[in-house]
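File shown: data-v9.cif. Contents: mmCIF, C-alpha atoms.
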```cif
data_structure
#
loop_
_atom_site.group_PDB
_atom_site.id
_atom_site.type_symbol
_atom_site.label_atom_id
_atom_site.label_comp_id
_atom_site.auth_asym_id
_atom_site.auth_seq_id
_atom_site.Cartn_x
_atom_site.Cartn_y
_atom_site.Cartn_z
ATOM 1 C CA MET M 1 -6.848 22.855 2.669
ATOM 2 C CA ILE M 2 -6.397 19.405 4.184
ATOM 3 C CA TYR M 3 -7.747 17.761 1.015
ATOM 4 C CA LEU M 4 -5.306 19.738 -1.094
ATOM 5 C CA ALA M 5 -2.466 18.643 1.185
ATOM 6 C CA VAL M 6 -3.535 14.976 0.910
ATOM 7 C CA ALA M 7 -3.767 15.242 -2.883
ATOM 8 C CA LEU M 8 -0.339 16.865 -3.279
ATOM 9 C CA ALA M 9 1.383 14.572 -0.800
ATOM 10 C CA GLY M 10 -0.383 11.521 -2.269
ATOM 11 C CA GLY M 11 0.825 12.364 -5.772
ATOM 12 C CA MET M 12 4.368 12.781 -4.504
ATOM 13 C CA GLY M 13 4.126 9.528 -2.565
ATOM 14 C CA ALA M 14 3.049 7.586 -5.665
ATOM 15 C CA ILE M 15 5.855 9.119 -7.765
ATOM 16 C CA SER M 16 8.395 8.352 -5.024
ATOM 17 C CA ARG M 17 7.176 4.743 -4.924
ATOM 18 C CA PHE M 18 7.658 4.400 -8.674
ATOM 19 C CA LEU M 19 11.152 5.934 -8.558
ATOM 20 C CA MET M 20 12.284 3.854 -5.575
ATOM 21 C CA ASP M 21 10.830 0.657 -7.102
ATOM 22 C CA THR M 22 12.533 1.311 -10.440
ATOM 23 C CA TRP M 23 15.842 2.181 -8.781
ATOM 24 C CA VAL M 24 15.932 -0.848 -6.446
ATOM 25 C CA ARG M 25 14.989 -3.219 -9.261
ATOM 26 C CA SER M 26 17.712 -1.793 -11.506
ATOM 27 C CA LEU M 27 20.219 -2.309 -8.685
ATOM 28 C CA LEU M 28 19.262 -5.865 -7.744
ATOM 29 C CA LYS M 29 17.936 -7.307 -11.022
ATOM 30 C CA SER M 30 16.153 -10.172 -9.288
ATOM 31 C CA GLU M 31 12.933 -12.052 -9.990
ATOM 32 C CA PHE M 32 11.998 -11.252 -6.437
ATOM 33 C CA PRO M 33 10.053 -7.963 -6.177
ATOM 34 C CA TRP M 34 12.610 -6.193 -3.964
ATOM 35 C CA GLY M 35 11.422 -2.791 -5.195
ATOM 36 C CA ILE M 36 7.991 -2.828 -3.540
ATOM 37 C CA PHE M 37 9.442 -4.729 -0.584
ATOM 38 C CA VAL M 38 11.930 -1.913 0.102
ATOM 39 C CA VAL M 39 9.198 0.695 -0.491
ATOM 40 C CA ASN M 40 6.783 -0.929 1.964
ATOM 41 C CA ILE M 41 9.325 -1.523 4.713
ATOM 42 C CA SER M 42 10.925 1.929 4.455
ATOM 43 C CA GLY M 43 7.453 3.505 4.409
ATOM 44 C CA SER M 44 6.416 1.498 7.482
ATOM 45 C CA LEU M 45 9.552 2.606 9.335
ATOM 46 C CA ALA M 46 8.883 6.220 8.359
ATOM 47 C CA LEU M 47 5.230 5.978 9.454
ATOM 48 C CA GLY M 48 6.323 4.677 12.859
ATOM 49 C CA ILE M 49 8.688 7.638 13.224
ATOM 50 C CA VAL M 50 6.076 10.184 12.116
ATOM 51 C CA ALA M 51 3.352 8.644 14.305
ATOM 52 C CA GLY M 52 5.729 8.787 17.271
ATOM 53 C CA MET M 53 6.664 12.397 16.548
ATOM 54 C CA ALA M 54 3.014 13.356 16.098
ATOM 55 C CA SER M 55 2.139 12.005 19.532
ATOM 56 C CA VAL M 56 4.986 13.673 21.402
ATOM 57 C CA SER M 57 5.259 17.011 19.604
ATOM 58 C CA GLY M 58 2.882 19.720 18.544
ATOM 59 C CA MET M 59 2.779 19.030 14.823
ATOM 60 C CA SER M 60 -0.157 20.627 13.023
ATOM 61 C CA GLU M 61 -2.993 18.338 11.944
ATOM 62 C CA VAL M 62 -2.556 19.246 8.278
ATOM 63 C CA LEU M 63 1.127 18.288 8.370
ATOM 64 C CA ILE M 64 0.417 15.005 10.157
ATOM 65 C CA ILE M 65 -2.346 13.999 7.715
ATOM 66 C CA ALA M 66 -0.246 15.093 4.715
ATOM 67 C CA LEU M 67 2.722 12.979 5.843
ATOM 68 C CA THR M 68 0.843 9.901 7.102
ATOM 69 C CA THR M 69 -2.364 9.506 5.073
ATOM 70 C CA GLY M 70 -1.064 11.488 2.101
ATOM 71 C CA PHE M 71 2.595 10.770 1.416
ATOM 72 C CA LEU M 72 3.326 7.522 3.263
ATOM 73 C CA GLY M 73 -0.120 6.058 2.615
ATOM 74 C CA ALA M 74 0.398 6.536 -1.115
ATOM 75 C CA TYR M 75 4.115 5.651 -1.083
ATOM 76 C CA THR M 76 3.417 2.210 0.350
ATOM 77 C CA THR M 77 1.028 -0.125 -1.420
ATOM 78 C CA PHE M 78 -1.039 -3.094 -0.366
ATOM 79 C CA SER M 79 -2.516 -4.019 -3.743
ATOM 80 C CA GLY M 80 0.875 -4.070 -5.490
ATOM 81 C CA TRP M 81 2.268 -6.341 -2.783
ATOM 82 C CA MET M 82 -0.677 -8.763 -3.088
ATOM 83 C CA VAL M 83 -0.669 -8.879 -6.879
ATOM 84 C CA GLN M 84 3.102 -9.442 -7.023
ATOM 85 C CA SER M 85 2.790 -12.285 -4.502
ATOM 86 C CA LEU M 86 0.079 -13.809 -6.655
ATOM 87 C CA GLN M 87 2.207 -13.449 -9.790
ATOM 88 C CA LEU M 88 5.049 -15.285 -8.045
ATOM 89 C CA MET M 89 2.597 -18.098 -7.241
ATOM 90 C CA GLU M 90 1.377 -18.098 -10.834
ATOM 91 C CA ALA M 91 5.022 -18.528 -11.929
ATOM 92 C CA LYS M 92 5.305 -21.364 -9.362
ATOM 93 C CA ALA M 93 8.024 -19.448 -7.518
ATOM 94 C CA TRP M 94 6.566 -20.669 -4.226
ATOM 95 C CA VAL M 95 9.529 -19.835 -2.009
ATOM 96 C CA TYR M 96 9.683 -16.270 -3.321
ATOM 97 C CA ALA M 97 5.906 -15.912 -2.944
ATOM 98 C CA MET M 98 5.895 -17.132 0.656
ATOM 99 C CA PHE M 99 8.951 -15.039 1.480
ATOM 100 C CA ASN M 100 7.318 -11.964 -0.036
ATOM 101 C CA ILE M 101 4.178 -12.488 2.038
ATOM 102 C CA PHE M 102 5.713 -13.397 5.400
ATOM 103 C CA ALA M 103 8.864 -11.260 5.284
ATOM 104 C CA SER M 104 6.818 -8.192 4.307
ATOM 105 C CA ILE M 105 4.407 -8.650 7.208
ATOM 106 C CA ILE M 106 7.096 -9.331 9.813
ATOM 107 C CA SER M 107 9.512 -6.634 8.638
ATOM 108 C CA GLY M 108 6.679 -4.136 8.197
ATOM 109 C CA ILE M 109 5.450 -4.596 11.757
ATOM 110 C CA LEU M 110 8.989 -4.568 13.195
ATOM 111 C CA ALA M 111 9.972 -1.487 11.165
ATOM 112 C CA THR M 112 6.897 0.466 12.320
ATOM 113 C CA ALA M 113 7.415 -0.555 15.937
ATOM 114 C CA ALA M 114 11.137 0.328 15.713
ATOM 115 C CA GLY M 115 10.348 3.785 14.322
ATOM 116 C CA LEU M 116 7.663 4.429 16.934
ATOM 117 C CA TYR M 117 9.686 3.298 19.946
ATOM 118 C CA ALA M 118 12.890 4.942 18.732
ATOM 119 C CA VAL M 119 11.073 8.285 18.900
ATOM 120 C CA PHE M 120 9.588 7.531 22.334
ATOM 121 C CA TRP M 121 13.014 6.450 23.576
ATOM 122 C CA LEU M 122 14.788 9.522 22.226
ATOM 123 C CA VAL M 123 12.251 12.071 23.432
ATOM 124 C CA MET G 1 9.094 9.643 -18.823
ATOM 125 C CA LEU G 2 7.659 13.002 -17.734
ATOM 126 C CA LYS G 3 4.275 11.974 -19.119
ATOM 127 C CA LYS G 4 4.468 8.744 -17.181
ATOM 128 C CA LEU G 5 5.458 10.506 -13.955
ATOM 129 C CA SER G 6 2.587 12.977 -14.267
ATOM 130 C CA MET G 7 0.113 10.118 -14.864
ATOM 131 C CA ILE G 8 1.407 8.407 -11.705
ATOM 132 C CA GLY G 9 1.246 11.694 -9.805
ATOM 133 C CA ILE G 10 -2.334 12.533 -10.827
ATOM 134 C CA GLY G 11 -3.529 8.966 -10.269
ATOM 135 C CA GLY G 12 -1.712 8.918 -6.929
ATOM 136 C CA SER G 13 -3.408 12.155 -5.835
ATOM 137 C CA ILE G 14 -6.852 10.795 -6.679
ATOM 138 C CA GLY G 15 -6.128 7.482 -4.951
ATOM 139 C CA ALA G 16 -4.949 9.208 -1.763
ATOM 140 C CA LEU G 17 -7.963 11.564 -1.779
ATOM 141 C CA LEU G 18 -10.359 8.635 -2.172
ATOM 142 C CA ARG G 19 -8.660 6.716 0.641
ATOM 143 C CA TYR G 20 -8.785 9.780 2.899
ATOM 144 C CA GLY G 21 -12.414 10.503 1.953
ATOM 145 C CA PHE G 22 -13.524 7.023 3.022
ATOM 146 C CA ILE G 23 -11.571 7.307 6.285
ATOM 147 C CA ILE G 24 -13.368 10.590 7.041
ATOM 148 C CA ALA G 25 -16.760 9.187 6.015
ATOM 149 C CA TYR G 26 -16.315 5.907 7.911
ATOM 150 C CA PRO G 27 -13.899 6.547 10.768
ATOM 151 C CA ALA G 28 -12.984 3.296 12.504
ATOM 152 C CA PRO G 29 -13.245 3.405 16.294
ATOM 153 C CA GLN G 30 -9.760 3.468 17.804
ATOM 154 C CA TYR G 31 -8.301 0.077 18.698
ATOM 155 C CA ALA G 32 -11.125 -1.812 17.015
ATOM 156 C CA PHE G 33 -10.863 -3.733 13.733
ATOM 157 C CA PRO G 34 -9.772 -1.148 11.088
ATOM 158 C CA LEU G 35 -12.670 -1.920 8.772
ATOM 159 C CA THR G 36 -12.272 1.083 6.464
ATOM 160 C CA ILE G 37 -8.600 0.477 5.616
ATOM 161 C CA PHE G 38 -9.331 -3.254 5.381
ATOM 162 C CA THR G 39 -12.150 -2.692 2.873
ATOM 163 C CA GLU G 40 -10.028 -0.262 0.841
ATOM 164 C CA ASN G 41 -7.138 -2.728 0.675
ATOM 165 C CA MET G 42 -9.440 -5.571 -0.411
ATOM 166 C CA ALA G 43 -11.212 -3.471 -3.062
ATOM 167 C CA GLY G 44 -7.895 -2.120 -4.364
ATOM 168 C CA SER G 45 -6.344 -5.603 -4.584
ATOM 169 C CA PHE G 46 -9.378 -6.902 -6.474
ATOM 170 C CA LEU G 47 -9.306 -3.975 -8.907
ATOM 171 C CA LEU G 48 -5.530 -4.170 -9.464
ATOM 172 C CA GLY G 49 -5.777 -7.896 -10.255
ATOM 173 C CA PHE G 50 -8.584 -7.162 -12.692
ATOM 174 C CA LEU G 51 -6.741 -4.215 -14.225
ATOM 175 C CA LEU G 52 -3.516 -6.122 -14.720
ATOM 176 C CA VAL G 53 -5.199 -8.759 -16.879
ATOM 177 C CA ILE G 54 -7.290 -6.365 -18.945
ATOM 178 C CA THR G 55 -4.346 -4.048 -19.599
ATOM 179 C CA ALA G 56 -2.225 -6.956 -20.712
ATOM 180 C CA ASN G 57 -4.933 -8.427 -22.939
ATOM 181 C CA TRP G 58 -7.259 -5.710 -24.160
ATOM 182 C CA TRP G 59 -5.716 -2.321 -24.153
ATOM 183 C CA LYS G 60 -3.328 -0.744 -26.546
ATOM 184 C CA GLN G 61 -1.076 1.928 -25.080
ATOM 185 C CA LYS G 62 -0.767 -0.171 -21.937
ATOM 186 C CA GLY G 63 1.994 1.864 -20.312
ATOM 187 C CA LEU G 64 0.254 5.145 -19.590
ATOM 188 C CA ARG G 65 -3.056 3.662 -18.503
ATOM 189 C CA MET G 66 -1.307 1.252 -16.183
ATOM 190 C CA SER G 67 0.711 4.171 -14.775
ATOM 191 C CA PHE G 68 -2.453 6.157 -14.082
ATOM 192 C CA PHE G 69 -4.822 3.455 -12.804
ATOM 193 C CA GLY G 70 -2.374 0.879 -11.454
ATOM 194 C CA THR G 71 0.812 2.490 -10.142
ATOM 195 C CA GLY G 72 -0.942 5.798 -9.457
ATOM 196 C CA LEU G 73 -4.548 5.376 -8.395
ATOM 197 C CA LEU G 74 -4.763 1.845 -6.974
ATOM 198 C CA GLY G 75 -1.207 1.796 -5.626
ATOM 199 C CA SER G 76 -1.999 4.941 -3.710
ATOM 200 C CA PHE G 77 -5.570 3.996 -2.734
ATOM 201 C CA THR G 78 -4.278 0.921 -0.916
ATOM 202 C CA THR G 79 -1.683 1.245 1.803
ATOM 203 C CA PHE G 80 0.790 -1.011 3.543
ATOM 204 C CA SER G 81 2.229 1.392 6.124
ATOM 205 C CA THR G 82 -1.133 2.104 7.787
ATOM 206 C CA PHE G 83 -1.774 -1.653 7.837
ATOM 207 C CA SER G 84 1.528 -2.119 9.742
ATOM 208 C CA LEU G 85 0.780 0.756 12.123
ATOM 209 C CA ASN G 86 -2.733 -0.572 12.805
ATOM 210 C CA ILE G 87 -1.266 -3.915 13.850
ATOM 211 C CA VAL G 88 1.390 -2.301 16.065
ATOM 212 C CA ASN G 89 -1.270 -0.126 17.744
ATOM 213 C CA LEU G 90 -3.586 -3.095 18.293
ATOM 214 C CA ILE G 91 -0.784 -5.203 19.827
ATOM 215 C CA ASP G 92 0.360 -2.236 21.895
ATOM 216 C CA THR G 93 -3.081 -1.773 23.429
ATOM 217 C CA GLY G 94 -3.442 -5.478 24.189
ATOM 218 C CA ASN G 95 -5.951 -6.241 21.413
ATOM 219 C CA ILE G 96 -3.908 -9.236 20.279
ATOM 220 C CA SER G 97 -6.780 -11.254 18.849
ATOM 221 C CA VAL G 98 -8.032 -8.296 16.802
ATOM 222 C CA ALA G 99 -4.456 -7.733 15.538
ATOM 223 C CA VAL G 100 -4.031 -11.375 14.502
ATOM 224 C CA GLY G 101 -7.495 -11.489 12.918
ATOM 225 C CA TYR G 102 -6.844 -8.271 10.998
ATOM 226 C CA LEU G 103 -3.454 -9.532 9.805
ATOM 227 C CA LEU G 104 -4.753 -12.916 8.631
ATOM 228 C CA LEU G 105 -7.953 -11.581 7.049
ATOM 229 C CA SER G 106 -6.071 -8.789 5.246
ATOM 230 C CA THR G 107 -3.387 -11.078 3.834
ATOM 231 C CA LEU G 108 -5.572 -14.019 2.851
ATOM 232 C CA GLY G 109 -8.397 -11.717 1.779
ATOM 233 C CA GLY G 110 -6.057 -9.548 -0.304
ATOM 234 C CA LEU G 111 -4.604 -12.555 -2.125
ATOM 235 C CA LEU G 112 -8.086 -13.935 -2.741
ATOM 236 C CA ALA G 113 -9.434 -10.561 -3.887
ATOM 237 C CA ALA G 114 -6.577 -10.085 -6.376
ATOM 238 C CA PHE G 115 -7.056 -13.681 -7.574
ATOM 239 C CA ILE G 116 -10.812 -13.216 -8.107
ATOM 240 C CA GLY G 117 -10.105 -9.942 -9.936
ATOM 241 C CA MET G 118 -7.683 -11.683 -12.301
ATOM 242 C CA MET G 119 -10.002 -14.664 -12.872
ATOM 243 C CA LEU G 120 -12.968 -12.398 -13.562
ATOM 244 C CA ALA G 121 -10.950 -10.452 -16.135
ATOM 245 C CA TYR G 122 -9.843 -13.699 -17.803
ATOM 246 C CA LYS G 123 -13.453 -14.883 -17.869
ATOM 247 C CA LEU G 124 -14.714 -11.649 -19.369
ATOM 248 C CA GLY G 125 -11.914 -11.188 -21.847
ATOM 249 C CA GLY G 126 -10.558 -14.630 -22.481
ATOM 250 C CA ARG G 127 -6.979 -15.666 -22.020
ATOM 251 C CA PRO G 128 -4.417 -14.158 -24.378
#
```
Written as C-alpha cells, how would this file's structure read?
Amino acid sequence: MIYLAVALAGGMGAISRFLMDTWVRSLLKSEFPWGIFVVNISGSLALGIVAGMASVSGMSEVLIIALTTGFLGAYTTFSGWMVQSLQLMEAKAWVYAMFNIFASIISGILATAAGLYAVFWLV
Amino acid sequence: MLKKLSMIGIGGSIGALLRYGFIIAYPAPQYAFPLTIFTENMAGSFLLGFLLVITANWWKQKGLRMSFFGTGLLGSFTTFSTFSLNIVNLIDTGNISVAVGYLLLSTLGGLLAAFIGMMLAYKLGGRP
C-alpha cells in the first residue's frame, strides 16, 4: 500500500516538476535555469509545511510518506540542479553558476524553515 | 506530449520507489549525517551527467529516453527538498557541524560526481 502510494505520488511529482519547469522557462526565457530553481524552492517550502503539519497533527503515515518522500521528493531534484550548475560552468557563465549553487542552497534552507515554523507558529 | 508525460510519470514512479526502498533498507539515525540521501544524490548526479552526454552523442530518439531516464527516473531518485529539510533539522537540533559538513559535501560532491559522469561518457564515447 505504502509502496503504491510512493509510486503514484512520485510519478505525479516528476510530471509536476516537468510542467512547472517548462512553464517558468517559457515565462522568463532566460539562460539562467529559473525553472528548476523555482521547483526546488517551492518544493522545499512545501516540505517544511508538510513536515510541520505531520508533527503537530494526526496525519496517517501513508499520507505523510506519499506527500514527502513520494510527491515532494520526486518534484524537487538534486541531480538536475547539479548538472545545470555544471553546464553553466561549461558555458563559462560563472556568475549564473555560482548564483544557482548558492542561491538554491540559501533559499532552499530558508524556505523549508519558513514553512516549518509558520506551521508551528499558527498551530 | 502525452507520450512524453507518461514516460516522465513512469520513470518518476520508479525513481521515487528506488529512493524510498533505499531509505527503508538503510535508515539513517535521526540527527546524524543523512548518509542514504547523500549517497542517492551523489549516485543520481553521476548518472545524470553520464546520461546527458550519451543521449546527446549516441542515441537517436533522444527525447523520450531522456524523459524516462533523466527527467523521470534520476530527477525523481534524487531530491532537493529532503536535503533542505535535513539541514534545517540538523541546525535545529544543534548539530551545526554535521549540517555544514553535509551541505558542503553534498554540493561539492554532487558537482564532482556529475562532472566525473560527463567526463567518463566523453571518454567512452568520444566528443561529438
Counting only C-alpha atoms, which residue out of G:Phe68, G:Phe77, G:Phe46, G:Phe22 sits closest to Phe71 in chain M?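 When distances to Phe71 in chain M are compared using only C-alpha atoms, the smallest one comes from G:Phe77.
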Contacts of range 46-95 of chain M with range 108-119 of chain G up to 7 Å, shortest pair per row, only C-alpha atoms, as a tab-separated table:
```
residue	atom	partner	partner_atom	distance
M:Met82	CA	G:Leu111	CA	5.5
M:Val83	CA	G:Ala114	CA	6.1
M:Leu86	CA	G:Leu111	CA	6.6
```
Keeping C-alpha atoms, export the residues of the selection given above as a PDB file, in the coordinates of the input.
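Generated file (result_16.pdb):
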```pdb
ATOM      1  CA  MET M  82      -0.677  -8.763  -3.088  1.00  0.00           C
ATOM      2  CA  VAL M  83      -0.669  -8.879  -6.879  1.00  0.00           C
ATOM      3  CA  LEU M  86       0.079 -13.809  -6.655  1.00  0.00           C
TER       4      LEU M  86
END
```
Between CA of Met12 in chain M and CA of Ser44 in chain M, measure the distance and give it in Å to one decimal. 16.6 Å
Counting all atoms listed in the file, which residues of chain G sit at most 7 Å from some atom of chain M, and what is each one's closest atom pair with its distance in Å to one decimal, listed by chain and rising residue number, as CSV?
```
residue,atom,partner,partner_atom,distance
G:Leu5,CA,M:Ile15,CA,6.4
G:Ile8,CA,M:Ile15,CA,6.0
G:Gly9,CA,M:Gly11,CA,4.1
G:Ile10,CA,M:Gly11,CA,6.0
G:Gly12,CA,M:Gly11,CA,4.4
G:Ser13,CA,M:Gly11,CA,4.2
G:Ile14,CA,M:Ala7,CA,6.6
G:Ala16,CA,M:Gly10,CA,5.1
G:Leu17,CA,M:Ala7,CA,5.7
G:Tyr20,CA,M:Thr69,CA,6.8
G:Asn41,CA,M:Phe78,CA,6.2
G:Gly44,CA,M:Ser79,CA,5.7
G:Ser45,CA,M:Ser79,CA,4.2
G:Leu48,CA,M:Ser79,CA,6.5
G:Gly49,CA,M:Val83,CA,6.2
G:Gly72,CA,M:Ala14,CA,5.8
G:Gly75,CA,M:Thr77,CA,5.1
G:Ser76,CA,M:Ala74,CA,3.9
G:Phe77,CA,M:Ala74,CA,6.7
G:Thr78,CA,M:Phe78,CA,5.2
G:Thr79,CA,M:Thr77,CA,4.4
G:Phe80,CA,M:Phe78,CA,4.8
G:Ser81,CA,M:Ser44,CA,4.4
G:Thr82,CA,M:Gly73,CA,6.6
G:Ser84,CA,M:Ile109,CA,5.1
G:Leu85,CA,M:Thr112,CA,6.1
G:Val88,CA,M:Ala113,CA,6.3
G:Gly110,CA,M:Met82,CA,6.1
G:Leu111,CA,M:Met82,CA,5.5
G:Ala114,CA,M:Val83,CA,6.1
```
For each of G:Arg65, G:Phe38, G:Val100, G:Gly70, take the minimum atom-to-atom distance to Arg19 in chain G, counting all atoms listed in the file, then give the residue where this is smallest.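 Ranked by minimum distance to Arg19 in chain G, first place goes to G:Phe38.
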As JSON, please: the centre and edge lengths in Å, to one decimal, of an axis-aligned box enclosing every listed atom of range 73-89 of chain M with 3 Å added on each side.
```
{"center_x": 1.3, "center_y": -5.8, "center_z": -3.6, "size_x": 13.6, "size_y": 30.6, "size_z": 18.4}
```
If I take CA of Leu122 in chain M and CA of Ser55 in chain M, how far is one from the other in Å, to one decimal?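 Straight-line distance from CA of Leu122 in chain M to CA of Ser55 in chain M works out to 13.2 Å.
The residue set within 12 Å of Ala99 in chain G, counting all atoms listed in the file and dropping same-chain residues fewer than 6 places from it, reads Ile109 of chain M; Tyr31, Ala32, Phe33, Pro34, Phe83, Ser84, Leu85, Asn86, Ile87, Val88, Asn89, Leu90, Ile91, Asp92, Thr93, Leu105 and Ser106 of chain G.
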Prev. selection, C-alpha atoms, output as a PDB file, in the frame of the given file:
```pdb
ATOM      1  CA  ILE M 109       5.450  -4.596  11.757  1.00  0.00           C
TER       2      ILE M 109
ATOM      3  CA  TYR G  31      -8.301   0.077  18.698  1.00  0.00           C
ATOM      4  CA  ALA G  32     -11.125  -1.812  17.015  1.00  0.00           C
ATOM      5  CA  PHE G  33     -10.863  -3.733  13.733  1.00  0.00           C
ATOM      6  CA  PRO G  34      -9.772  -1.148  11.088  1.00  0.00           C
ATOM      7  CA  PHE G  83      -1.774  -1.653   7.837  1.00  0.00           C
ATOM      8  CA  SER G  84       1.528  -2.119   9.742  1.00  0.00           C
ATOM      9  CA  LEU G  85       0.780   0.756  12.123  1.00  0.00           C
ATOM     10  CA  ASN G  86      -2.733  -0.572  12.805  1.00  0.00           C
ATOM     11  CA  ILE G  87      -1.266  -3.915  13.850  1.00  0.00           C
ATOM     12  CA  VAL G  88       1.390  -2.301  16.065  1.00  0.00           C
ATOM     13  CA  ASN G  89      -1.270  -0.126  17.744  1.00  0.00           C
ATOM     14  CA  LEU G  90      -3.586  -3.095  18.293  1.00  0.00           C
ATOM     15  CA  ILE G  91      -0.784  -5.203  19.827  1.00  0.00           C
ATOM     16  CA  ASP G  92       0.360  -2.236  21.895  1.00  0.00           C
ATOM     17  CA  THR G  93      -3.081  -1.773  23.429  1.00  0.00           C
ATOM     18  CA  LEU G 105      -7.953 -11.581   7.049  1.00  0.00           C
ATOM     19  CA  SER G 106      -6.071  -8.789   5.246  1.00  0.00           C
TER      20      SER G 106
END
```
Could you tell me which of G:Leu52, G:Leu124, G:Gly63, G:Thr36 comes closest to Tyr102 in chain G if we count all atoms listed in the file? G:Thr36
Mind telling me what the PyMOL selection byres ((chain M and resi 31) around 12) catches here, as a ChimeraX atom specification? /M:25-26,28-30,32-35,84-85,87-88,91,93,95-97,100
